[in-house]
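Trainee: Contents of data-v6.csv (CSV, C-alpha atoms and all ligand atoms) are given next:
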```csv
chain,number,residue,atom,x,y,z
A,1,MET,CA,-12.0,-92.6,13.2
A,2,ILE,CA,-11.3,-89.3,11.5
A,3,ILE,CA,-12.4,-89.3,7.9
A,4,ALA,CA,-10.5,-87.4,5.2
A,5,GLU,CA,-10.2,-87.2,1.5
A,6,ARG,CA,-7.4,-86.1,-0.7
A,7,LYS,CA,-7.5,-82.5,-2.1
A,8,PRO,CA,-7.5,-82.1,-5.8
A,9,LEU,CA,-3.9,-82.5,-7.2
A,10,ASN,CA,-3.8,-79.1,-8.8
A,11,GLU,CA,-4.4,-77.5,-5.4
A,12,ILE,CA,-1.6,-79.5,-3.8
A,13,ILE,CA,0.8,-78.8,-6.6
A,14,GLU,CA,0.1,-75.1,-6.3
A,15,MET,CA,1.0,-75.2,-2.6
A,16,VAL,CA,4.4,-76.6,-3.3
A,17,LYS,CA,5.1,-74.7,-6.5
A,18,ASP,CA,8.3,-73.1,-5.0
A,19,ALA,CA,9.6,-76.3,-3.4
A,20,LYS,CA,12.2,-78.4,-5.1
A,21,ARG,CA,12.5,-81.1,-2.4
A,22,ILE,CA,9.3,-82.3,-0.9
A,23,LEU,CA,8.6,-84.6,2.0
A,24,VAL,CA,5.2,-86.4,1.4
A,25,LEU,CA,4.3,-87.6,4.8
A,26,GLY,CA,1.5,-90.1,5.5
A,27,CYS,CA,0.0,-91.3,8.7
A,28,ARG,CA,-0.7,-94.9,9.7
A,29,GLY,CA,-3.8,-93.9,11.8
A,30,CYS,CA,-7.3,-93.0,10.7
A,31,VAL,CA,-6.3,-91.7,7.2
A,32,THR,CA,-4.7,-95.1,6.4
A,33,VAL,CA,-8.0,-96.8,7.4
A,34,CYS,CA,-10.1,-94.4,5.3
A,35,SER,CA,-7.6,-94.7,2.4
A,36,ALA,CA,-6.8,-91.0,2.3
A,37,GLY,CA,-3.3,-90.7,3.6
A,38,GLY,CA,-1.6,-94.0,4.3
A,39,GLU,CA,1.4,-95.6,2.6
A,40,ARG,CA,-0.3,-96.4,-0.6
A,41,GLU,CA,-1.8,-92.9,-1.0
A,42,VAL,CA,1.7,-91.4,-0.2
A,43,GLU,CA,3.1,-93.4,-3.1
A,44,ILE,CA,0.3,-92.2,-5.4
A,45,LEU,CA,0.6,-88.5,-4.4
A,46,ALA,CA,4.4,-88.5,-4.6
A,47,SER,CA,4.1,-89.8,-8.2
A,48,CYS,CA,1.5,-87.2,-9.1
A,49,ILE,CA,3.6,-84.4,-7.6
A,50,ARG,CA,6.6,-85.6,-9.6
A,51,LEU,CA,4.5,-85.7,-12.7
A,52,GLY,CA,3.1,-82.2,-12.1
A,53,LYS,CA,6.6,-80.9,-11.6
A,54,MET,CA,7.8,-82.7,-14.8
A,55,LYS,CA,5.0,-81.1,-16.7
A,56,ALA,CA,6.0,-77.7,-15.4
A,57,GLY,CA,9.6,-78.4,-16.4
A,58,GLU,CA,10.8,-78.1,-12.8
A,59,PRO,CA,12.9,-81.0,-11.5
A,60,CYS,CA,12.1,-82.0,-7.9
A,61,GLU,CA,12.9,-84.6,-5.4
A,62,VAL,CA,10.2,-86.3,-3.4
A,63,ILE,CA,10.8,-88.2,-0.2
A,64,GLU,CA,8.0,-90.7,0.6
A,65,ALA,CA,7.4,-91.6,4.3
A,66,THR,CA,4.6,-92.6,6.6
A,67,LEU,CA,4.6,-92.0,10.4
A,68,VAL,CA,2.9,-94.2,13.0
A,69,ARG,CA,0.8,-91.1,13.8
A,70,GLN,CA,1.1,-87.4,13.3
A,71,CYS,CA,-0.8,-86.4,16.4
A,72,ASP,CA,1.9,-87.4,19.0
A,73,LYS,CA,5.1,-85.4,19.6
A,74,GLU,CA,7.2,-88.6,19.8
A,75,TYR,CA,6.3,-89.6,16.2
A,76,VAL,CA,6.4,-86.1,14.7
A,77,ASP,CA,9.9,-85.7,16.1
A,78,ALA,CA,10.9,-88.5,13.8
A,79,ILE,CA,10.8,-86.0,11.0
A,80,ASP,CA,14.3,-84.9,12.3
A,81,GLN,CA,15.8,-87.8,10.3
A,82,TRP,CA,15.1,-85.9,7.1
A,83,ASP,CA,16.4,-82.5,8.4
A,84,GLY,CA,18.0,-80.5,5.6
A,85,GLN,CA,16.5,-82.8,2.9
A,86,TYR,CA,13.2,-81.0,2.2
A,87,ASP,CA,11.9,-77.5,1.5
A,88,ALA,CA,8.3,-78.4,2.3
A,89,ILE,CA,6.3,-81.1,4.0
A,90,VAL,CA,3.0,-82.2,2.4
A,91,SER,CA,1.1,-84.0,5.2
A,92,MET,CA,-1.5,-86.6,4.3
A,93,ALA,CA,-2.7,-86.8,7.9
A,94,CYS,CA,-5.8,-85.2,9.1
A,95,GLY,CA,-5.8,-81.5,10.1
A,96,VAL,CA,-4.5,-82.5,13.6
A,97,GLY,CA,-1.3,-83.9,12.0
A,98,VAL,CA,-0.7,-80.7,10.0
A,99,ASN,CA,-1.3,-78.6,13.2
A,100,PHE,CA,1.1,-80.8,15.2
A,101,ILE,CA,3.9,-80.4,12.6
A,102,ALA,CA,3.3,-76.6,12.6
A,103,ASN,CA,3.3,-76.5,16.4
A,104,LEU,CA,6.5,-78.6,16.8
A,105,ARG,CA,8.5,-77.4,13.8
A,106,PRO,CA,8.4,-73.6,13.8
A,107,CYS,CA,10.5,-73.1,10.7
A,108,ASP,CA,9.1,-75.9,8.5
A,109,LYS,CA,6.6,-75.2,5.7
A,110,VAL,CA,3.8,-77.7,6.0
A,111,TYR,CA,0.8,-78.1,3.7
A,112,PRO,CA,-2.4,-80.2,4.0
A,113,ALA,CA,-2.9,-82.8,1.3
A,114,VAL,CA,-6.3,-83.9,2.5
A,115,ASN,CA,-9.6,-82.3,3.5
A,116,THR,CA,-10.5,-83.5,7.0
A,117,THR,CA,-14.2,-84.1,6.9
A,118,ALA,CA,-15.7,-85.9,9.9
A,119,PHE,CA,-15.7,-88.4,12.7
A,120,GLY,CA,-17.3,-91.5,11.2
A,121,GLY,CA,-17.1,-95.0,10.2
A,122,SER,CA,-17.3,-97.4,7.2
A,123,ALA,CA,-20.4,-99.5,7.1
A,124,GLU,CA,-19.6,-100.8,3.6
A,125,GLN,CA,-16.4,-100.9,1.7
A,126,GLY,CA,-15.4,-97.6,0.2
A,127,VAL,CA,-18.2,-95.6,1.9
A,128,TRP,CA,-17.7,-93.5,5.1
A,129,SER,CA,-20.3,-91.6,7.0
A,130,GLU,CA,-20.3,-89.0,9.8
A,131,GLN,CA,-21.5,-90.4,13.1
A,132,CYS,CA,-20.3,-87.9,15.8
A,133,ALA,CA,-19.4,-84.2,15.8
A,134,GLY,CA,-17.3,-84.2,19.0
A,135,CYS,CA,-19.7,-81.9,20.8
A,136,GLY,CA,-18.2,-82.5,24.2
A,137,ASN,CA,-21.4,-83.3,26.0
A,138,CYS,CA,-22.7,-86.6,24.7
A,139,VAL,CA,-26.4,-87.2,24.7
A,140,LEU,CA,-26.4,-90.7,23.1
A,141,HIS,CA,-27.9,-92.2,26.3
A,142,LEU,CA,-31.1,-90.2,25.6
A,143,THR,CA,-31.3,-90.8,21.9
A,144,GLY,CA,-30.9,-94.6,21.6
A,145,GLY,CA,-27.3,-94.3,20.6
A,146,LEU,CA,-27.9,-92.3,17.5
A,147,CYS,CA,-26.3,-88.8,17.3
A,148,PRO,CA,-28.7,-85.9,16.7
A,149,VAL,CA,-25.8,-83.4,16.6
A,150,ALA,CA,-23.9,-85.0,13.7
A,151,ARG,CA,-26.7,-86.8,12.0
A,152,CYS,CA,-29.6,-84.4,12.0
A,153,ALA,CA,-29.1,-81.7,9.4
A,154,LYS,CA,-30.3,-79.1,12.0
A,155,SER,CA,-28.6,-80.7,15.0
A,156,LEU,CA,-32.0,-80.6,16.7
A,157,MET,CA,-32.3,-81.8,20.3
A,158,ASN,CA,-36.1,-82.1,20.0
A,159,GLY,CA,-36.7,-83.6,16.5
A,160,PRO,CA,-38.1,-84.7,14.2
A,161,CYS,CA,-38.8,-81.4,12.5
A,162,GLY,CA,-41.6,-80.8,10.0
A,163,GLY,CA,-39.4,-81.8,7.1
A,164,SER,CA,-39.2,-85.4,8.1
A,165,VAL,CA,-41.1,-87.5,5.5
A,166,ASN,CA,-41.3,-91.3,5.4
A,167,GLY,CA,-38.2,-91.6,7.5
A,168,ARG,CA,-36.2,-89.3,5.2
A,169,CYS,CA,-34.7,-85.9,6.0
A,170,GLU,CA,-35.9,-82.9,4.0
A,171,ILE,CA,-32.4,-82.1,2.9
A,172,HIS,CA,-32.2,-85.1,0.6
A,173,LYS,CA,-34.1,-88.3,0.0
A,174,ASP,CA,-30.9,-90.4,0.5
A,175,VAL,CA,-30.5,-89.0,4.1
A,176,PRO,CA,-32.4,-90.8,6.8
A,177,CYS,CA,-34.1,-88.5,9.3
A,178,ILE,CA,-32.1,-89.5,12.3
A,179,TRP,CA,-34.9,-88.3,14.6
A,180,GLN,CA,-37.3,-90.8,13.0
A,181,SER,CA,-34.6,-93.5,13.6
A,182,ILE,CA,-34.2,-92.4,17.2
A,183,TYR,CA,-37.9,-92.6,17.7
A,184,ASP,CA,-38.1,-96.0,16.1
A,185,ARG,CA,-35.2,-97.3,18.2
A,186,LEU,CA,-36.5,-96.0,21.5
A,187,GLU,CA,-39.9,-97.5,20.7
A,188,ARG,CA,-38.3,-100.9,19.8
A,189,THR,CA,-36.3,-100.9,23.1
A,190,GLY,CA,-39.3,-100.0,25.3
A,191,LYS,CA,-37.9,-96.5,25.9
A,192,GLY,CA,-40.5,-94.6,23.7
A,193,ALA,CA,-41.6,-92.4,26.6
A,194,ASP,CA,-38.1,-90.8,26.5
A,195,MET,CA,-39.4,-88.9,23.4
A,196,ASN,CA,-41.7,-86.9,25.7
A,197,ARG,CA,-38.8,-85.5,27.6
A,198,ILE,CA,-38.4,-81.8,27.2
A,199,ALA,CA,-35.0,-81.1,25.9
A,200,PRO,CA,-33.5,-78.1,27.7
A,201,ILE,CA,-31.8,-75.3,25.8
A,202,ARG,CA,-28.4,-76.7,25.2
A,203,ASP,CA,-25.1,-75.2,26.3
A,204,TRP,CA,-22.9,-75.4,23.2
A,205,SER,CA,-19.8,-74.1,25.0
A,206,THR,CA,-18.4,-77.6,25.1
A,207,ALA,CA,-18.7,-77.9,21.4
A,208,GLY,CA,-16.0,-75.4,20.5
A,209,HIS,CA,-18.2,-72.4,20.8
A,210,GLY,CA,-16.4,-71.6,24.0
A,211,GLY,CA,-13.0,-71.6,22.2
A,212,PRO,CA,-10.5,-74.4,21.5
A,213,ARG,CA,-11.0,-77.4,23.8
A,214,LYS,CA,-8.4,-79.0,25.9
A,215,THR,CA,-8.5,-82.2,28.0
A,216,VAL,CA,-6.2,-82.4,31.0
A,217,ARG,CA,-5.8,-85.7,32.9
A,218,ASN,CA,-3.9,-84.9,36.1
A,219,ASP,CA,-3.6,-88.7,36.7
A,220,LEU,CA,-1.5,-88.9,33.5
A,221,THR,CA,0.4,-85.7,33.3
A,222,VAL,CA,4.1,-85.7,34.4
B,1,MET,CA,11.0,-87.2,-37.3
B,2,ALA,CA,7.5,-88.7,-37.0
B,3,PHE,CA,6.3,-89.1,-33.4
B,4,VAL,CA,6.3,-92.7,-32.3
B,5,PRO,CA,4.5,-92.9,-29.0
B,6,ASN,CA,5.7,-95.0,-26.1
B,7,ILE,CA,2.7,-97.0,-25.1
B,8,GLN,CA,2.6,-99.3,-22.1
B,9,ALA,CA,-0.1,-102.0,-22.2
B,10,PHE,CA,-1.0,-103.8,-19.0
B,11,CYS,CA,-2.8,-107.0,-19.6
B,12,CYS,CA,-4.1,-109.7,-17.3
B,13,HIS,CA,-2.8,-113.2,-17.9
B,14,TYR,CA,-6.0,-114.3,-19.6
B,15,THR,CA,-6.4,-111.5,-22.1
B,16,ALA,CA,-2.7,-111.5,-23.0
B,17,GLN,CA,-2.7,-115.2,-23.9
B,18,GLN,CA,-2.4,-114.2,-27.6
B,19,SER,CA,1.0,-112.7,-27.0
B,20,CYS,CA,2.3,-116.0,-25.7
B,21,ALA,CA,0.3,-118.4,-27.9
B,22,GLU,CA,1.6,-116.8,-31.1
B,23,GLY,CA,5.2,-116.6,-30.0
B,24,GLN,CA,7.7,-114.0,-30.9
B,25,GLY,CA,6.8,-112.3,-34.2
B,26,GLY,CA,3.2,-113.5,-34.1
B,27,LEU,CA,1.7,-110.4,-32.7
B,28,PRO,CA,3.6,-108.0,-35.0
B,29,ALA,CA,2.5,-110.1,-38.0
B,30,ASP,CA,-1.1,-109.5,-36.8
B,31,GLY,CA,-0.5,-105.8,-36.9
B,32,PHE,CA,0.3,-105.2,-33.2
B,33,PRO,CA,2.3,-102.0,-33.1
B,34,ALA,CA,6.0,-102.5,-32.2
B,35,ASN,CA,6.0,-99.5,-29.9
B,36,VAL,CA,3.4,-100.9,-27.6
B,37,THR,CA,5.0,-102.8,-24.7
B,38,ILE,CA,3.0,-105.5,-23.0
B,39,ASN,CA,3.3,-105.8,-19.2
B,40,ARG,CA,1.6,-108.9,-18.1
B,41,LEU,CA,-0.1,-109.2,-14.7
B,42,ALA,CA,-1.5,-112.3,-13.1
B,43,CYS,CA,-4.9,-110.6,-12.8
B,44,GLY,CA,-6.3,-107.2,-13.5
B,45,GLY,CA,-6.8,-106.9,-9.7
B,46,LYS,CA,-3.0,-106.7,-9.4
B,47,LEU,CA,-3.0,-103.4,-11.3
B,48,GLU,CA,-1.9,-100.5,-9.0
B,49,VAL,CA,-2.6,-96.8,-9.7
B,50,THR,CA,1.1,-96.2,-9.2
B,51,MET,CA,2.1,-98.7,-11.9
B,52,LEU,CA,0.3,-96.5,-14.5
B,53,LEU,CA,1.6,-93.2,-12.9
B,54,LYS,CA,5.2,-94.6,-12.8
B,55,ALA,CA,4.8,-95.6,-16.4
B,56,PHE,CA,4.2,-91.9,-17.2
B,57,GLU,CA,7.1,-90.9,-15.0
B,58,ASN,CA,9.3,-93.3,-17.0
B,59,GLY,CA,8.3,-91.7,-20.3
B,60,ALA,CA,5.1,-93.4,-21.5
B,61,ASP,CA,2.9,-91.2,-23.7
B,62,GLY,CA,-0.1,-93.4,-23.1
B,63,VAL,CA,-1.0,-96.4,-20.9
B,64,TYR,CA,-3.9,-98.9,-21.1
B,65,MET,CA,-5.2,-102.0,-19.4
B,66,VAL,CA,-6.8,-105.0,-21.0
B,67,GLY,CA,-8.9,-107.1,-18.7
B,68,CYS,CA,-11.7,-109.6,-19.0
B,69,PRO,CA,-15.3,-108.5,-19.7
B,70,THR,CA,-16.7,-107.1,-16.5
B,71,ASP,CA,-19.2,-109.8,-16.0
B,72,LYS,CA,-16.9,-112.7,-17.1
B,73,CYS,CA,-13.7,-112.0,-15.3
B,74,HIS,CA,-11.7,-115.2,-14.7
B,75,ASN,CA,-11.1,-114.0,-11.1
B,76,LEU,CA,-14.6,-112.5,-10.7
B,77,MET,CA,-13.7,-108.9,-9.8
B,78,GLY,CA,-10.2,-108.4,-11.2
B,79,SER,CA,-11.1,-106.5,-14.3
B,80,GLN,CA,-13.6,-104.3,-12.4
B,81,ARG,CA,-10.9,-103.4,-9.9
B,82,ALA,CA,-8.5,-102.6,-12.8
B,83,ALA,CA,-11.2,-100.4,-14.4
B,84,LYS,CA,-11.6,-98.4,-11.2
B,85,ARG,CA,-7.8,-97.9,-11.0
B,86,VAL,CA,-7.6,-96.8,-14.6
B,87,ALA,CA,-10.5,-94.3,-13.8
B,88,ALA,CA,-8.5,-93.0,-10.9
B,89,VAL,CA,-5.5,-92.4,-13.2
B,90,LYS,CA,-7.7,-90.6,-15.7
B,91,LYS,CA,-9.0,-88.4,-12.9
B,92,ALA,CA,-5.4,-87.7,-11.8
B,93,LEU,CA,-4.4,-86.8,-15.4
B,94,ALA,CA,-7.3,-84.4,-15.7
B,95,GLU,CA,-6.4,-82.8,-12.4
B,96,LEU,CA,-2.8,-82.4,-13.6
B,97,GLY,CA,-4.1,-80.7,-16.8
B,98,VAL,CA,-3.3,-83.7,-19.1
B,99,GLU,CA,-5.6,-85.4,-21.5
B,100,PRO,CA,-7.4,-88.3,-19.6
B,101,GLU,CA,-7.5,-90.2,-22.9
B,102,ARG,CA,-3.8,-91.0,-22.3
B,103,ALA,CA,-5.1,-93.8,-20.1
B,104,ALA,CA,-7.7,-96.3,-21.2
B,105,MET,CA,-9.4,-99.5,-20.1
B,106,PHE,CA,-10.4,-102.3,-22.5
B,107,HIS,CA,-12.6,-105.3,-21.5
B,108,LEU,CA,-11.9,-108.1,-24.0
B,109,GLU,CA,-12.7,-111.8,-24.3
B,110,ARG,CA,-10.1,-114.1,-23.0
B,111,GLY,CA,-7.9,-116.1,-25.5
B,112,LEU,CA,-7.0,-115.3,-29.1
B,113,HIS,CA,-9.0,-112.5,-30.6
B,114,PRO,CA,-8.4,-109.8,-33.2
B,115,GLU,CA,-9.7,-107.2,-30.6
B,116,PHE,CA,-6.5,-107.6,-28.6
B,117,VAL,CA,-4.6,-106.2,-31.6
B,118,GLN,CA,-7.3,-103.7,-32.4
B,119,ALA,CA,-7.1,-102.2,-28.8
B,120,ALA,CA,-3.4,-101.6,-29.3
B,121,GLN,CA,-4.0,-100.0,-32.7
B,122,GLN,CA,-6.7,-97.8,-31.3
B,123,MET,CA,-4.5,-96.6,-28.5
B,124,GLN,CA,-1.7,-96.1,-31.0
B,125,GLU,CA,-4.0,-93.8,-33.1
B,126,THR,CA,-5.3,-91.9,-30.1
B,127,ILE,CA,-1.9,-91.3,-28.6
B,128,THR,CA,-0.2,-90.4,-31.9
B,129,ALA,CA,-3.0,-87.8,-32.4
B,130,LEU,CA,-2.5,-86.4,-28.9
B,131,GLY,CA,1.3,-86.1,-29.4
B,132,PRO,CA,4.1,-86.5,-26.8
B,133,SER,CA,3.2,-86.7,-23.2
B,134,PRO,CA,3.1,-83.2,-21.6
B,135,PHE,CA,5.1,-84.8,-18.7
B,136,LYS,CA,8.1,-85.0,-21.0
B,137,GLY,CA,10.3,-82.1,-21.7
B,138,GLY,CA,8.8,-79.5,-19.5
B,139,ALA,CA,6.2,-76.7,-20.0
B,140,GLN,CA,4.2,-76.8,-23.2
C,301,LIG,S1,-23.9,-86.1,21.1
C,301,LIG,FE1,-22.0,-85.1,20.8
C,301,LIG,S2,-20.4,-86.5,21.6
C,301,LIG,FE2,-22.3,-87.7,21.4
C,301,LIG,S3,-22.1,-88.7,19.4
C,301,LIG,FE3,-23.2,-86.7,19.1
C,301,LIG,S4,-21.6,-85.2,18.6
C,301,LIG,FE4,-20.6,-87.0,19.5
C,302,LIG,S1,-35.9,-84.1,8.7
C,302,LIG,FE1,-35.0,-85.2,10.5
C,302,LIG,S2,-32.8,-85.3,10.2
C,302,LIG,FE2,-33.6,-83.8,8.8
C,302,LIG,S3,-33.5,-81.8,9.8
C,302,LIG,FE3,-35.5,-82.6,10.3
C,302,LIG,S4,-35.3,-83.7,12.2
C,302,LIG,FE4,-33.2,-83.4,11.4
```
Before anything else, please render the file you have as structure tokens.
Mentor:
Amino acid sequence: MIIAERKPLNEIIEMVKDAKRILVLGCRGCVTVCSAGGEREVEILASCIRLGKMKAGEPCEVIEATLVRQCDKEYVDAIDQWDGQYDAIVSMACGVGVNFIANLRPCDKVYPAVNTTAFGGSAEQGVWSEQCAGCGNCVLHLTGGLCPVARCAKSLMNGPCGGSVNGRCEIHKDVPCIWQSIYDRLERTGKGADMNRIAPIRDWSTAGHGGPRKTVRNDLTV
Amino acid sequence: MAFVPNIQAFCCHYTAQQSCAEGQGGLPADGFPANVTINRLACGGKLEVTMLLKAFENGADGVYMVGCPTDKCHNLMGSQRAAKRVAAVKKALAELGVEPERAAMFHLERGLHPEFVQAAQQMQETITALGPSPFKGGAQ
């Protein structure tokens, strides 16, 4: 899923300082699962915005709502139901949701309430970690299922580097050296020889270095 | 007129037993401030961040939670969960430029204990010293 975390309240309140009617809009997708922008977080943020406005002596109305997703036109179009009732939208979805609202509603002011951080997962309650960087040319079949793009500090294709010590990455002792983990896993599964493979120079154009990426499925387009 | 703070206390069923056991008039006789309102919860784990935030929206000058000792919670984790939610509210207050001391967590033994009254008195003292909530009455 996409991992996000809420921005500091003072930043959000600054964004909406001129708004008197605010639509705080959550998303039931990834940001609900990572507790950044679901229904519960909408309720908390709405309360905090009202308090911030009360402190500034500026009355404001806050509408609280949560869409099924903010990354699909059909759901974003549901914002029509609040037409004329808000001066600004504060989206608690990931950056995709904010972009979709901006794309589809040319005259609306929309602001991000969260920092979108990574594609990852939760291995223990309350902790999320990055697992994939969406590089567009997956190499997991060569690396024992562990991603060197997202999980190696240098995104090396031929690690480990000289900074790997006792299975830890040189950037921090709490960070496993993923190349050590790749090596251990390949060894364990009888694929150790894969480590000898020479990694060719990588073409990063699929990773966004060739401009914004787009997927078209002609079997699905209408 | 002297400032009398509006203080909302949230207590789990177990730490608030004194309020019931002593009946009406019992707590004030022990020195429990009249301006502290007790909101009883079945368990500290039922405390929501929004309950405390909404208390401020509704005019509280200070809020606090009383739950069991962290290692002796009747429901194991309830008071630890409550403490985390109080901490989240303190953080929100700080980000909003308001004294985090306006929210507090107390871990007290269950049953009848003078500490229950002392927690209210301590809160009363802190909030009286801080003055009215900056959320009331506009820019300071
Ligand atoms: S190699 Fe690329 S696509 Fe595969 S997990 Fe890593 S970042 Fe994601
Ligand atoms: S120590 Fe390991 S994870 Fe860290 S940069 Fe080097 S190869 Fe990558």
Trainee: For chain A against ligand LIG 301 (chain C), with a cut-off of 8 Å and counting only C-alpha atoms and all ligand atoms, what is the closest atom pair and its distance in Å to one decimal for every residue that makes the cut, ordered by chain and number, as a tab-separated table?
Mentor:
```
residue	atom	partner	partner_atom	distance
A:Gln131	CA	C:LIG301	S3	6.6
A:Cys132	CA	C:LIG301	FE4	3.8
A:Ala133	CA	C:LIG301	S4	3.7
A:Gly134	CA	C:LIG301	FE4	4.4
A:Cys135	CA	C:LIG301	FE1	3.9
A:Gly136	CA	C:LIG301	S2	5.3
A:Asn137	CA	C:LIG301	S2	5.5
A:Cys138	CA	C:LIG301	FE2	3.5
A:Val139	CA	C:LIG301	S1	4.5
A:Leu140	CA	C:LIG301	FE2	5.4
A:Gly145	CA	C:LIG301	S3	7.7
A:Leu146	CA	C:LIG301	S3	7.1
A:Cys147	CA	C:LIG301	FE3	4.2
A:Pro148	CA	C:LIG301	FE3	6.1
A:Val149	CA	C:LIG301	FE3	4.9
A:Ala150	CA	C:LIG301	S4	5.4
A:Arg151	CA	C:LIG301	FE3	7.9
A:Ala207	CA	C:LIG301	FE1	7.9
```
Trainee: Export, as a PDB file, in the coordinates of the input, the selected residues with C-alpha atoms.
Mentor:
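Listing of selection29.pdb after writing:
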```pdb
ATOM      1  CA  GLN A 131     -21.500 -90.400  13.100  1.00  0.00           C
ATOM      2  CA  CYS A 132     -20.300 -87.900  15.800  1.00  0.00           C
ATOM      3  CA  ALA A 133     -19.400 -84.200  15.800  1.00  0.00           C
ATOM      4  CA  GLY A 134     -17.300 -84.200  19.000  1.00  0.00           C
ATOM      5  CA  CYS A 135     -19.700 -81.900  20.800  1.00  0.00           C
ATOM      6  CA  GLY A 136     -18.200 -82.500  24.200  1.00  0.00           C
ATOM      7  CA  ASN A 137     -21.400 -83.300  26.000  1.00  0.00           C
ATOM      8  CA  CYS A 138     -22.700 -86.600  24.700  1.00  0.00           C
ATOM      9  CA  VAL A 139     -26.400 -87.200  24.700  1.00  0.00           C
ATOM     10  CA  LEU A 140     -26.400 -90.700  23.100  1.00  0.00           C
ATOM     11  CA  GLY A 145     -27.300 -94.300  20.600  1.00  0.00           C
ATOM     12  CA  LEU A 146     -27.900 -92.300  17.500  1.00  0.00           C
ATOM     13  CA  CYS A 147     -26.300 -88.800  17.300  1.00  0.00           C
ATOM     14  CA  PRO A 148     -28.700 -85.900  16.700  1.00  0.00           C
ATOM     15  CA  VAL A 149     -25.800 -83.400  16.600  1.00  0.00           C
ATOM     16  CA  ALA A 150     -23.900 -85.000  13.700  1.00  0.00           C
ATOM     17  CA  ARG A 151     -26.700 -86.800  12.000  1.00  0.00           C
ATOM     18  CA  ALA A 207     -18.700 -77.900  21.400  1.00  0.00           C
TER      19      ALA A 207
END
```
Trainee: Just want the 7 Å neighbourhood of stretch 61-72 of chain B, counted on all atoms listed in the file, with same-chain residues fewer than 4 positions away dropped. Output as a list in words.
Mentor: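 Selected residues are Pro5, Asn6, Ile7, Gln8, Ala9, Phe10, Cys11, Cys12, Thr15, Gly44, Leu52, Phe56, Leu76, Ser79, Gln80, Arg102, Ala103, Ala104, Met105, Phe106, His107, Leu108, Glu109, Arg110, Ile127, Pro132 and Ser133 of chain B.
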Trainee: Please give me, as a PyMOL selection string, the residues lying within 6 Å of ligand LIG 302 (chain C) when counting all atoms listed in the file.
Mentor: chain A and resi 152-154+159-161+163-164+169-170+177-179
Trainee: Find the distance between atom CA of A:Ser122 and atom CA of A:Ala36 and write it in Å to one decimal.
Mentor: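 Separation of atom CA of A:Ser122 and atom CA of A:Ala36: 13.2 Å.
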Trainee: In terms of the shortest atom-to-atom distance over all atoms listed in the file, which of B:Pro114, B:Gly137, B:Gly78, B:Gly23 is closest to chain A?
Mentor: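 When distances to chain A are compared using all atoms listed in the file, the smallest one comes from B:Gly137.
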Trainee: Grab the atom CA of A:Ala65 to atom CA of A:Glu43 distance for me, in Å with one decimal place.
Mentor: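 Result for atom CA of A:Ala65 versus atom CA of A:Glu43: 8.7 Å, one decimal.
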Trainee: Within 12 Å of chain B, which residues belong to chain A? Use only C-alpha atoms and report them as a ChimeraX atom specification.
Mentor: /A:6-14,39-59
